[in-house]
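Engineer: This is the content of work_3.pdb (PDB, C-alpha atoms and all ligand atoms):
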```
ATOM      1  CA  MET A  22      35.633   1.105  79.775
ATOM      2  CA  ASN A  23      38.319   3.643  79.097
ATOM      3  CA  SER A  24      41.183   1.842  80.798
ATOM      4  CA  ASN A  25      42.399   0.179  77.596
ATOM      5  CA  ARG A  26      42.532   3.428  75.724
ATOM      6  CA  HIS A  27      45.805   4.561  74.289
ATOM      7  CA  SER A  28      47.405   7.293  76.347
ATOM      8  CA  ALA A  29      47.257   9.692  73.401
ATOM      9  CA  PHE A  30      43.512  10.168  73.997
ATOM     10  CA  VAL A  31      42.263  12.812  76.414
ATOM     11  CA  ALA A  32      38.479  13.011  76.735
ATOM     12  CA  HIS A  33      36.782  16.195  77.834
ATOM     13  CA  THR A  34      33.317  14.643  77.547
ATOM     14  CA  PRO A  35      32.089  11.004  77.540
ATOM     15  CA  GLU A  36      30.887  11.417  73.951
ATOM     16  CA  PHE A  37      34.509  11.596  72.823
ATOM     17  CA  TRP A  38      35.011   7.852  73.428
ATOM     18  CA  GLU A  39      32.151   7.036  71.062
ATOM     19  CA  LEU A  40      34.095   8.473  68.139
ATOM     20  CA  PHE A  41      36.769   5.748  68.088
ATOM     21  CA  PRO A  42      37.022   1.955  68.111
ATOM     22  CA  GLN A  43      38.032   0.666  71.516
ATOM     23  CA  ASP A  44      41.522  -0.312  70.323
ATOM     24  CA  ALA A  45      42.209   2.811  68.241
ATOM     25  CA  VAL A  46      45.832   3.934  68.233
ATOM     26  CA  PRO A  47      47.499   6.677  66.193
ATOM     27  CA  THR A  48      49.918   4.916  63.841
ATOM     28  CA  LEU A  49      52.886   6.510  62.113
ATOM     29  CA  LEU A  50      52.694   5.438  58.455
ATOM     30  CA  ALA A  51      55.752   7.282  57.156
ATOM     31  CA  ASP A  52      58.369   9.695  58.454
ATOM     32  CA  GLY A  53      61.320  11.755  57.244
ATOM     33  CA  PHE A  54      59.330  14.599  55.730
ATOM     34  CA  THR A  55      59.908  18.279  56.542
ATOM     35  CA  TRP A  56      56.481  19.947  56.553
ATOM     36  CA  THR A  57      53.585  17.689  55.671
ATOM     37  CA  GLU A  58      50.293  19.362  54.747
ATOM     38  CA  GLY A  59      47.207  19.232  52.577
ATOM     39  CA  PRO A  60      45.966  15.620  52.874
ATOM     40  CA  THR A  61      42.940  14.751  50.736
ATOM     41  CA  TYR A  62      41.512  11.300  50.098
ATOM     42  CA  GLN A  63      40.655  10.545  46.489
ATOM     43  CA  PRO A  64      38.222   7.584  46.395
ATOM     44  CA  SER A  65      38.736   7.060  42.647
ATOM     45  CA  ARG A  66      42.384   6.220  43.362
ATOM     46  CA  GLY A  67      41.947   4.644  46.780
ATOM     47  CA  ALA A  68      44.683   6.936  48.016
ATOM     48  CA  VAL A  69      45.510   9.995  50.076
ATOM     49  CA  ILE A  70      47.452  12.745  48.375
ATOM     50  CA  PHE A  71      49.476  14.951  50.702
ATOM     51  CA  SER A  72      52.171  17.588  50.398
ATOM     52  CA  ASP A  73      55.621  18.045  51.789
ATOM     53  CA  VAL A  74      55.586  21.783  51.165
ATOM     54  CA  ARG A  75      59.238  22.321  52.099
ATOM     55  CA  GLN A  76      60.690  19.294  50.273
ATOM     56  CA  ASN A  77      58.765  20.443  47.186
ATOM     57  CA  LYS A  78      56.998  17.121  46.679
ATOM     58  CA  THR A  79      53.592  15.576  46.924
ATOM     59  CA  TRP A  80      53.097  11.997  48.055
ATOM     60  CA  CYS A  81      50.480   9.314  47.503
ATOM     61  CA  TRP A  82      49.539   6.855  50.274
ATOM     62  CA  GLN A  83      47.535   4.017  48.769
ATOM     63  CA  ASP A  84      45.000   1.915  50.671
ATOM     64  CA  HIS A  85      46.906  -1.113  49.426
ATOM     65  CA  GLY A  86      50.517  -0.632  48.494
ATOM     66  CA  GLY A  87      51.967   2.057  50.659
ATOM     67  CA  LEU A  88      53.736   5.247  49.794
ATOM     68  CA  LYS A  89      55.043   6.676  46.531
ATOM     69  CA  VAL A  90      56.132  10.060  45.237
ATOM     70  CA  GLU A  91      53.326  11.810  43.391
ATOM     71  CA  LEU A  92      54.986  15.008  42.117
ATOM     72  CA  SER A  93      58.636  16.088  42.320
ATOM     73  CA  PRO A  94      58.904  18.980  42.069
ATOM     74  CA  SER A  95      55.382  19.807  43.205
ATOM     75  CA  HIS A  96      56.032  23.554  42.937
ATOM     76  CA  HIS A  97      55.368  23.635  46.663
ATOM     77  CA  GLN A  98      51.755  22.495  46.545
ATOM     78  CA  ASN A  99      50.019  22.924  49.878
ATOM     79  CA  GLY A 100      46.295  22.297  50.513
ATOM     80  CA  HIS A 101      44.062  20.057  48.408
ATOM     81  CA  CYS A 102      40.404  19.153  48.044
ATOM     82  CA  LEU A 103      38.160  17.440  45.520
ATOM     83  CA  ASP A 104      35.768  19.258  43.212
ATOM     84  CA  LEU A 105      32.175  18.173  42.544
ATOM     85  CA  GLN A 106      33.437  15.700  39.919
ATOM     86  CA  GLY A 107      36.016  14.212  42.306
ATOM     87  CA  ARG A 108      39.003  15.820  40.568
ATOM     88  CA  LEU A 109      41.952  16.894  42.695
ATOM     89  CA  ILE A 110      42.229  20.633  43.364
ATOM     90  CA  ALA A 111      45.608  21.959  44.555
ATOM     91  CA  CYS A 112      46.908  25.173  46.074
ATOM     92  CA  SER A 113      50.338  25.909  44.615
ATOM     93  CA  HIS A 114      52.686  28.218  46.512
ATOM     94  CA  GLY A 115      55.269  28.058  43.720
ATOM     95  CA  GLN A 116      52.898  28.800  40.875
ATOM     96  CA  ARG A 117      50.857  31.174  43.052
ATOM     97  CA  ALA A 118      47.791  29.505  41.669
ATOM     98  CA  LEU A 119      44.808  27.251  42.192
ATOM     99  CA  LEU A 120      45.123  24.157  40.006
ATOM    100  CA  ARG A 121      43.008  21.186  38.925
ATOM    101  CA  GLN A 122      44.316  17.780  37.973
ATOM    102  CA  GLU A 123      42.472  16.345  34.979
ATOM    103  CA  THR A 124      41.614  12.674  34.652
ATOM    104  CA  ASP A 125      44.611  12.202  32.300
ATOM    105  CA  GLY A 126      46.919  13.523  35.045
ATOM    106  CA  SER A 127      47.618  16.918  33.456
ATOM    107  CA  TRP A 128      47.185  20.165  35.393
ATOM    108  CA  THR A 129      44.946  23.105  34.543
ATOM    109  CA  THR A 130      45.428  26.543  36.117
ATOM    110  CA  LEU A 131      42.065  27.665  37.475
ATOM    111  CA  ALA A 132      43.176  31.003  38.956
ATOM    112  CA  ASP A 133      46.514  32.783  39.283
ATOM    113  CA  SER A 134      45.571  36.474  39.400
ATOM    114  CA  PHE A 135      42.890  38.785  40.735
ATOM    115  CA  GLU A 136      42.203  42.235  39.317
ATOM    116  CA  GLY A 137      45.295  41.881  37.138
ATOM    117  CA  LYS A 138      47.665  41.133  40.021
ATOM    118  CA  LYS A 139      49.271  37.855  40.972
ATOM    119  CA  LEU A 140      47.801  35.887  43.843
ATOM    120  CA  ASN A 141      49.969  35.694  46.987
ATOM    121  CA  SER A 142      50.306  31.938  47.533
ATOM    122  CA  PRO A 143      47.091  29.915  47.809
ATOM    123  CA  ASN A 144      47.230  27.849  50.984
ATOM    124  CA  ASP A 145      44.089  25.771  51.427
ATOM    125  CA  VAL A 146      40.860  25.159  49.533
ATOM    126  CA  ALA A 147      37.323  23.926  50.228
ATOM    127  CA  LEU A 148      34.427  22.880  48.020
ATOM    128  CA  HIS A 149      31.072  24.616  48.503
ATOM    129  CA  PRO A 150      27.968  22.508  47.706
ATOM    130  CA  ASP A 151      27.251  24.793  44.712
ATOM    131  CA  GLY A 152      30.535  23.664  43.133
ATOM    132  CA  SER A 153      32.459  26.856  43.823
ATOM    133  CA  LEU A 154      35.961  26.554  45.255
ATOM    134  CA  TRP A 155      36.909  28.841  48.144
ATOM    135  CA  PHE A 156      40.598  29.251  48.887
ATOM    136  CA  SER A 157      42.759  31.226  51.265
ATOM    137  CA  ASP A 158      45.648  33.331  49.999
ATOM    138  CA  PRO A 159      48.115  34.320  52.741
ATOM    139  CA  THR A 160      51.748  35.110  51.929
ATOM    140  CA  TYR A 161      53.636  32.136  53.421
ATOM    141  CA  GLY A 162      54.656  30.874  49.982
ATOM    142  CA  ILE A 163      56.337  34.151  49.047
ATOM    143  CA  ASP A 164      57.578  35.145  52.538
ATOM    144  CA  LYS A 165      59.230  31.849  53.425
ATOM    145  CA  PRO A 166      62.011  30.844  51.034
ATOM    146  CA  GLU A 167      61.611  27.183  51.993
ATOM    147  CA  GLU A 168      57.926  27.186  51.003
ATOM    148  CA  GLY A 169      57.981  28.627  47.511
ATOM    149  CA  TYR A 170      59.896  30.542  44.867
ATOM    150  CA  GLY A 171      59.730  33.982  46.500
ATOM    151  CA  GLY A 172      58.417  37.039  44.672
ATOM    152  CA  SER A 173      56.668  40.139  45.862
ATOM    153  CA  LYS A 174      53.170  40.609  47.147
ATOM    154  CA  GLU A 175      50.829  42.154  44.596
ATOM    155  CA  GLN A 176      47.443  41.734  46.251
ATOM    156  CA  ASP A 177      46.258  44.516  48.564
ATOM    157  CA  GLY A 178      45.376  42.000  51.280
ATOM    158  CA  ASN A 179      45.290  38.356  52.288
ATOM    159  CA  TYR A 180      41.894  37.365  50.994
ATOM    160  CA  VAL A 181      39.677  34.331  50.782
ATOM    161  CA  PHE A 182      38.621  33.901  47.182
ATOM    162  CA  ARG A 183      35.602  32.233  45.637
ATOM    163  CA  LEU A 184      36.036  30.648  42.218
ATOM    164  CA  ASP A 185      32.694  30.049  40.540
ATOM    165  CA  VAL A 186      32.154  27.022  38.306
ATOM    166  CA  ASP A 187      31.977  29.536  35.426
ATOM    167  CA  GLY A 188      35.496  30.769  36.264
ATOM    168  CA  THR A 189      34.523  34.061  37.915
ATOM    169  CA  LEU A 190      36.876  34.936  40.764
ATOM    170  CA  ILE A 191      35.765  37.225  43.589
ATOM    171  CA  ALA A 192      37.148  37.951  47.070
ATOM    172  CA  PRO A 193      34.257  37.681  49.554
ATOM    173  CA  ILE A 194      36.461  37.725  52.689
ATOM    174  CA  ARG A 195      38.986  40.552  53.107
ATOM    175  CA  ASP A 196      39.089  41.094  56.875
ATOM    176  CA  ARG A 197      41.497  38.365  58.010
ATOM    177  CA  TYR A 198      45.224  38.508  58.836
ATOM    178  CA  LYS A 199      46.456  35.176  57.471
ATOM    179  CA  PRO A 200      43.455  33.111  56.369
ATOM    180  CA  ASN A 201      44.464  29.473  56.215
ATOM    181  CA  GLY A 202      42.457  26.273  56.636
ATOM    182  CA  LEU A 203      38.774  26.432  55.716
ATOM    183  CA  VAL A 204      35.821  24.087  55.498
ATOM    184  CA  PHE A 205      32.098  24.381  54.888
ATOM    185  CA  ALA A 206      29.939  23.013  57.700
ATOM    186  CA  SER A 207      26.929  23.664  55.440
ATOM    187  CA  ALA A 208      26.106  25.770  52.380
ATOM    188  CA  GLU A 209      25.559  28.744  54.698
ATOM    189  CA  ARG A 210      28.370  28.246  57.220
ATOM    190  CA  LEU A 211      32.102  28.553  56.512
ATOM    191  CA  LEU A 212      34.699  27.804  59.184
ATOM    192  CA  LEU A 213      37.943  29.680  58.597
ATOM    193  CA  ALA A 214      41.174  29.394  60.557
ATOM    194  CA  ASP A 215      43.385  32.461  60.760
ATOM    195  CA  THR A 216      47.011  31.603  61.555
ATOM    196  CA  GLY A 217      47.727  35.319  61.895
ATOM    197  CA  ASP A 218      45.754  35.600  65.132
ATOM    198  CA  ALA A 219      45.457  31.899  66.002
ATOM    199  CA  ALA A 220      41.670  31.541  66.051
ATOM    200  CA  THR A 221      38.940  29.970  63.952
ATOM    201  CA  TYR A 222      35.960  32.003  62.795
ATOM    202  CA  VAL A 223      32.480  31.482  61.380
ATOM    203  CA  TYR A 224      31.368  33.298  58.251
ATOM    204  CA  ASN A 225      27.767  33.291  57.064
ATOM    205  CA  VAL A 226      27.606  32.461  53.380
ATOM    206  CA  GLN A 227      24.742  33.743  51.277
ATOM    207  CA  GLY A 228      24.981  33.209  47.550
ATOM    208  CA  GLN A 229      28.411  34.412  46.479
ATOM    209  CA  GLN A 230      29.023  36.532  49.552
ATOM    210  CA  ALA A 231      30.244  35.861  53.071
ATOM    211  CA  SER A 232      29.869  37.948  56.203
ATOM    212  CA  TYR A 233      31.608  37.715  59.564
ATOM    213  CA  ASN A 234      29.602  35.935  62.249
ATOM    214  CA  CYS A 235      31.842  35.164  65.254
ATOM    215  CA  GLN A 236      35.035  33.693  66.615
ATOM    216  CA  LEU A 237      34.266  30.009  67.184
ATOM    217  CA  PHE A 238      37.260  28.532  69.025
ATOM    218  CA  THR A 239      40.962  28.578  69.730
ATOM    219  CA  VAL A 240      43.185  25.593  70.482
ATOM    220  CA  PRO A 241      45.212  25.507  73.715
ATOM    221  CA  VAL A 242      48.622  24.927  72.107
ATOM    222  CA  GLY A 243      49.799  26.426  68.830
ATOM    223  CA  LYS A 244      47.076  27.208  66.322
ATOM    224  CA  THR A 245      44.605  25.705  63.931
ATOM    225  CA  ASP A 246      46.005  25.350  60.430
ATOM    226  CA  GLY A 247      43.833  22.804  58.601
ATOM    227  CA  LEU A 248      40.470  21.557  59.854
ATOM    228  CA  ARG A 249      37.643  19.252  58.772
ATOM    229  CA  VAL A 250      34.001  18.647  59.663
ATOM    230  CA  ASP A 251      32.516  15.173  60.051
ATOM    231  CA  ALA A 252      29.106  14.017  58.858
ATOM    232  CA  GLU A 253      27.578  14.815  62.276
ATOM    233  CA  GLY A 254      28.949  18.348  62.229
ATOM    234  CA  ARG A 255      31.795  17.900  64.694
ATOM    235  CA  ILE A 256      34.966  19.860  64.017
ATOM    236  CA  TRP A 257      38.362  18.141  63.790
ATOM    237  CA  SER A 258      41.116  20.707  64.187
ATOM    238  CA  SER A 259      44.875  20.598  63.873
ATOM    239  CA  ALA A 260      46.942  22.152  66.679
ATOM    240  CA  GLY A 261      50.435  22.375  68.091
ATOM    241  CA  ASP A 262      49.725  19.468  70.428
ATOM    242  CA  GLY A 263      47.766  17.194  68.103
ATOM    243  CA  VAL A 264      44.144  16.933  66.982
ATOM    244  CA  HIS A 265      41.233  18.536  68.822
ATOM    245  CA  VAL A 266      37.639  17.398  68.336
ATOM    246  CA  LEU A 267      34.932  19.974  69.005
ATOM    247  CA  THR A 268      31.175  20.258  68.743
ATOM    248  CA  ALA A 269      29.688  22.286  65.904
ATOM    249  CA  ASN A 270      29.479  25.132  68.431
ATOM    250  CA  GLY A 271      33.180  24.977  69.184
ATOM    251  CA  GLU A 272      33.095  23.211  72.577
ATOM    252  CA  SER A 273      35.904  20.733  73.129
ATOM    253  CA  LEU A 274      35.017  17.033  73.148
ATOM    254  CA  GLY A 275      38.561  15.790  73.503
ATOM    255  CA  HIS A 276      42.106  15.709  72.222
ATOM    256  CA  ILE A 277      44.430  13.216  70.581
ATOM    257  CA  SER A 278      48.034  13.978  71.383
ATOM    258  CA  PHE A 279      50.688  13.821  68.652
ATOM    259  CA  PRO A 280      54.435  14.219  69.212
ATOM    260  CA  GLN A 281      54.788  16.971  66.602
ATOM    261  CA  THR A 282      52.755  19.935  65.407
ATOM    262  CA  VAL A 283      49.762  18.835  63.355
ATOM    263  CA  SER A 284      49.167  20.940  60.249
ATOM    264  CA  ASN A 285      46.144  19.242  58.751
ATOM    265  CA  LEU A 286      43.988  16.134  58.512
ATOM    266  CA  CYS A 287      41.338  14.386  56.418
ATOM    267  CA  PHE A 288      38.953  11.448  56.542
ATOM    268  CA  GLY A 289      39.404   8.639  54.050
ATOM    269  CA  GLY A 290      40.497   5.082  53.579
ATOM    270  CA  ALA A 291      38.456   2.246  52.113
ATOM    271  CA  ASP A 292      35.842   2.609  54.872
ATOM    272  CA  GLY A 293      35.908   6.423  54.853
ATOM    273  CA  ARG A 294      36.475   6.432  58.600
ATOM    274  CA  THR A 295      40.246   6.608  58.804
ATOM    275  CA  LEU A 296      41.629   9.948  59.909
ATOM    276  CA  PHE A 297      44.877  10.803  58.117
ATOM    277  CA  VAL A 298      47.042  13.341  59.895
ATOM    278  CA  THR A 299      49.977  15.391  58.618
ATOM    279  CA  ALA A 300      52.262  16.232  61.534
ATOM    280  CA  THR A 301      55.511  18.008  60.618
ATOM    281  CA  SER A 302      57.910  15.172  59.647
ATOM    282  CA  GLY A 303      55.316  12.430  59.977
ATOM    283  CA  PHE A 304      52.228  11.076  58.212
ATOM    284  CA  TRP A 305      49.806   9.226  60.484
ATOM    285  CA  GLN A 306      46.520   7.378  60.507
ATOM    286  CA  LEU A 307      43.943   6.916  63.244
ATOM    287  CA  PRO A 308      40.846   4.697  62.985
ATOM    288  CA  THR A 309      37.610   6.467  63.919
ATOM    289  CA  LEU A 310      33.884   5.735  63.779
ATOM    290  CA  CYS A 311      33.198   9.003  61.894
ATOM    291  CA  ARG A 312      33.091   9.999  58.266
ATOM    292  CA  GLY A 313      34.004  13.329  56.765
ATOM    293  CA  LEU A 314      31.244  15.641  55.603
ATOM    294  CA  SER A 315      31.400  15.575  51.825
ATOM    295  CA  PHE A 316      29.738  17.595  49.073
ATOM    296  CA  ALA A 317      31.651  15.905  46.221
TER     297      ALA A 317
HETATM  298 MG    MG A 401      47.398  25.519  55.706
END
```
Would you give me this structure, written as structure tokens?
Structural biologist:
Amino acid sequence: MNSNRHSAFVAHTPEFWELFPQDAVPTLLADGFTWTEGPTYQPSRGAVIFSDVRQNKTWCWQDHGGLKVELSPSHHQNGHCLDLQGRLIACSHGQRALLRQETDGSWTTLADSFEGKKLNSPNDVALHPDGSLWFSDPTYGIDKPEEGYGGSKEQDGNYVFRLDVDGTLIAPIRDRYKPNGLVFASAERLLLADTGDAATYVYNVQGQQASYNCQLFTVPVGKTDGLRVDAEGRIWSSAGDGVHVLTANGESLGHISFPQTVSNLCFGGADGRTLFVTATSGFWQLPTLCRGLSFA
């Protein structure tokens, strides 16, 4: 049964093969980027928006019609998600802010300071079912000249913030080194990757607060940057050697090898079951039989 499988697939359990069509192959859609990141599928546009953080652009890959520049300059946008209304939310290294794109295309700053001090450089963002937006704020966008406009750190730490629908900004998570990719597995369970110590953690979420639960997993090569959860609760993690698929409890189901470091991924496409993968200079797709978990 598995003999026709593309050599990129490495199963650690039989269940892994049930996640993909028999003829699934990772396909390079576009290349020539520098550091691709932050893919998010926007059904209202039938397109994936993704960032090239270091070329200071965002790109749009349409279900029909291929690739076009979305923003240039993008002010070094990084991670994206959709809010409850389906609007695009962006982390901006350059503007050191969390932004929302309105239906007319204009941008609204949702948060750019906390306790009177500038944010570091928002990296990635996730929607909670209650409509709040949780985003990580490490310093890559001010430390790395190629990923932002520089500046000094004003925050006392590298926090994960929660932006309420009423605009209230709090910092429920303050105990991480470099919080990065994050995703809600449920209203009570946040998965958070820390690229400072190369592991992914579980936080219990109760109301507006979050408390440390446990370390959930590490990847064998490189580290988890962005990650997603599918509708059955499986975890799809980026890594230095490709994409790893894990159970909700963090046990490996299998691995899809990519030739370059994978930063992030998302489900989308017309059928909702295409995995889009940002991998350094490349932007890829992979057909699956899974859909992303969505609260939007
Ligand atoms: Mg990231």
Engineer: Here is a test: counting all atoms listed in the file, which residue of A:Leu105, A:Val250, A:Cys311, A:Val204 is nearest to ligand MG 401 (chain A)?
Structural biologist: A:Val204
Engineer: Would you list the residues that come within 6 Å of ligand MG 401 (chain A)? Count only C-alpha atoms and all ligand atoms and give the answer as a PyMOL selection string.
Structural biologist: chain A and resi 144-145+201-202+246-247
Engineer: Might you spell out which residues the PyMOL selection byres (((chain A and resi 96) around 9) and not hetatm) would select in the displayed file, as number ranges by chain?
Structural biologist: A: 74, 77-78, 92-95, 97-98, 113-116, 169-170
Engineer: Using the chain letters and numbers from this file, what does the PyMOL selection byres (((chain A and resi 124) around 12) and not hetatm) select? Give the answer as an mmCIF file with C-alpha atoms, keeping the file's coordinate frame.
Structural biologist:
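New file expr_17.cif:
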```
data_model
loop_
_atom_site.group_PDB
_atom_site.id
_atom_site.type_symbol
_atom_site.label_atom_id
_atom_site.label_comp_id
_atom_site.auth_asym_id
_atom_site.auth_seq_id
_atom_site.Cartn_x
_atom_site.Cartn_y
_atom_site.Cartn_z
ATOM 1 C CA SER A 65 38.736 7.060 42.647
ATOM 2 C CA ARG A 66 42.384 6.220 43.362
ATOM 3 C CA GLN A 106 33.437 15.700 39.919
ATOM 4 C CA GLY A 107 36.016 14.212 42.306
ATOM 5 C CA ARG A 108 39.003 15.820 40.568
ATOM 6 C CA LEU A 109 41.952 16.894 42.695
ATOM 7 C CA ILE A 110 42.229 20.633 43.364
ATOM 8 C CA ARG A 121 43.008 21.186 38.925
ATOM 9 C CA GLN A 122 44.316 17.780 37.973
ATOM 10 C CA GLU A 123 42.472 16.345 34.979
ATOM 11 C CA ASP A 125 44.611 12.202 32.300
ATOM 12 C CA GLY A 126 46.919 13.523 35.045
ATOM 13 C CA SER A 127 47.618 16.918 33.456
ATOM 14 C CA TRP A 128 47.185 20.165 35.393
ATOM 15 C CA THR A 129 44.946 23.105 34.543
#
```
Engineer: Run the PyMOL selection byres (((chain A and resi 242) around 9) and not hetatm) mentally over the shown coordinates, then write out the matched residues as a ChimeraX atom specification, using the chain letters and numbers from the document.
Structural biologist: /A:239-241,243-244,260-263
Engineer: Given the point (44.0, 32.4, 60.6) in the file's coordinates, find the residues that have an atom at most 8 Å from it, counting all atoms listed in the file, and give them as a PDB file with C-alpha atoms, keeping the file's coordinate frame.
Structural biologist:
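Printed below is part.pdb as written:
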```
ATOM      1  CA  ARG A 197      41.497  38.365  58.010  1.00  0.00           C
ATOM      2  CA  TYR A 198      45.224  38.508  58.836  1.00  0.00           C
ATOM      3  CA  LYS A 199      46.456  35.176  57.471  1.00  0.00           C
ATOM      4  CA  PRO A 200      43.455  33.111  56.369  1.00  0.00           C
ATOM      5  CA  ASN A 201      44.464  29.473  56.215  1.00  0.00           C
ATOM      6  CA  GLY A 202      42.457  26.273  56.636  1.00  0.00           C
ATOM      7  CA  LEU A 213      37.943  29.680  58.597  1.00  0.00           C
ATOM      8  CA  ALA A 214      41.174  29.394  60.557  1.00  0.00           C
ATOM      9  CA  ASP A 215      43.385  32.461  60.760  1.00  0.00           C
ATOM     10  CA  THR A 216      47.011  31.603  61.555  1.00  0.00           C
ATOM     11  CA  GLY A 217      47.727  35.319  61.895  1.00  0.00           C
ATOM     12  CA  ASP A 218      45.754  35.600  65.132  1.00  0.00           C
ATOM     13  CA  ALA A 219      45.457  31.899  66.002  1.00  0.00           C
ATOM     14  CA  ALA A 220      41.670  31.541  66.051  1.00  0.00           C
ATOM     15  CA  THR A 221      38.940  29.970  63.952  1.00  0.00           C
ATOM     16  CA  THR A 245      44.605  25.705  63.931  1.00  0.00           C
ATOM     17  CA  ASP A 246      46.005  25.350  60.430  1.00  0.00           C
TER      18      ASP A 246
END
```
Engineer: Using all atoms listed in the file, pick whichever of A:Asp158, A:Glu175, A:Glu272, A:Asp44 has the shortest atom-to-atom distance to A:Ser142.
Structural biologist: A:Asp158
Engineer: So the first atom is atom CA of A:Gln63 and the second is atom CA of A:Gln83; what is the distance between them in Å, to one decimal place?
Structural biologist: 9.8 Å
Engineer: Using atom CA of A:Leu314 and atom CA of A:Ser28 as the two end points, give the distance in Å to one decimal.
Structural biologist: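 These two atoms are separated by 27.6 Å.
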Engineer: Excluding A:His101 and residues on its chain fewer than 5 positions from it, collect all residues at most 10 Å away from it, counting all atoms listed in the file, and give them as a VMD selection string.
Structural biologist: chain A and resid 58 to 62 70 to 72 109 to 113 119 to 121 144 to 147 156
Engineer: May I ask for the distance between atom CA of A:His85 and atom CA of A:Leu307, given in Å to one decimal place?
Structural biologist: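 Going from atom CA of A:His85 over to atom CA of A:Leu307, I get 16.3 Å.
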Engineer: If you count all atoms listed in the file, which residues fall within 9 Å of A:Ala206, apart from same-chain ones fewer than 6 positions away, as a PyMOL selection string?
Structural biologist: chain A and resi 212+249-251+254-256+269+314
Engineer: Based on the selection just made, write C-alpha atoms of those residues as an mmCIF file, in the coordinates of the input.
Structural biologist:
```
data_model
loop_
_atom_site.group_PDB
_atom_site.id
_atom_site.type_symbol
_atom_site.label_atom_id
_atom_site.label_comp_id
_atom_site.auth_asym_id
_atom_site.auth_seq_id
_atom_site.Cartn_x
_atom_site.Cartn_y
_atom_site.Cartn_z
ATOM 1 C CA LEU A 212 34.699 27.804 59.184
ATOM 2 C CA ARG A 249 37.643 19.252 58.772
ATOM 3 C CA VAL A 250 34.001 18.647 59.663
ATOM 4 C CA ASP A 251 32.516 15.173 60.051
ATOM 5 C CA GLY A 254 28.949 18.348 62.229
ATOM 6 C CA ARG A 255 31.795 17.900 64.694
ATOM 7 C CA ILE A 256 34.966 19.860 64.017
ATOM 8 C CA ALA A 269 29.688 22.286 65.904
ATOM 9 C CA LEU A 314 31.244 15.641 55.603
#
```
Engineer: Please check which residues have atoms at most 12 Å from (30.6, 37.1, 55.6) in the file's coordinates, counting all atoms listed in the file, and write them as a PyMOL selection string.
Structural biologist: chain A and resi 181+192-197+209-213+222-235
Engineer: Between A:Gly289, A:Gly86, A:Pro47, A:Gly152, which is the closest to A:Val69 once you count all atoms listed in the file?
Structural biologist: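 Smallest distance to A:Val69 is found for A:Gly289.
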Engineer: At a cut-off of 12 Å, using all atoms listed in the file, what residues contact stretch 51-53 of chain A? Leave out same-chain residues fewer than 2 positions from it and give the result as a list in words.
Structural biologist: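 Near stretch 51-53 of chain A, the qualifying residues are Thr48, Leu49, Thr55, Trp56, Thr57, Phe71, Asp73, Arg75, Gln76, Trp80, Cys81, Trp82, Gly87, Leu88, Lys89, Gln281, Phe297, Val298, Thr299, Ala300, Thr301, Ser302, Gly303, Phe304, Trp305 and Gln306 of chain A.
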Engineer: Out of A:Ser207, A:Ser278, A:Gln236, A:Thr295, which residue has the shortest atom-to-atom distance to A:Glu253 when counting only C-alpha atoms?
Structural biologist: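 Closest to A:Glu253, using only C-alpha atoms: A:Ser207.
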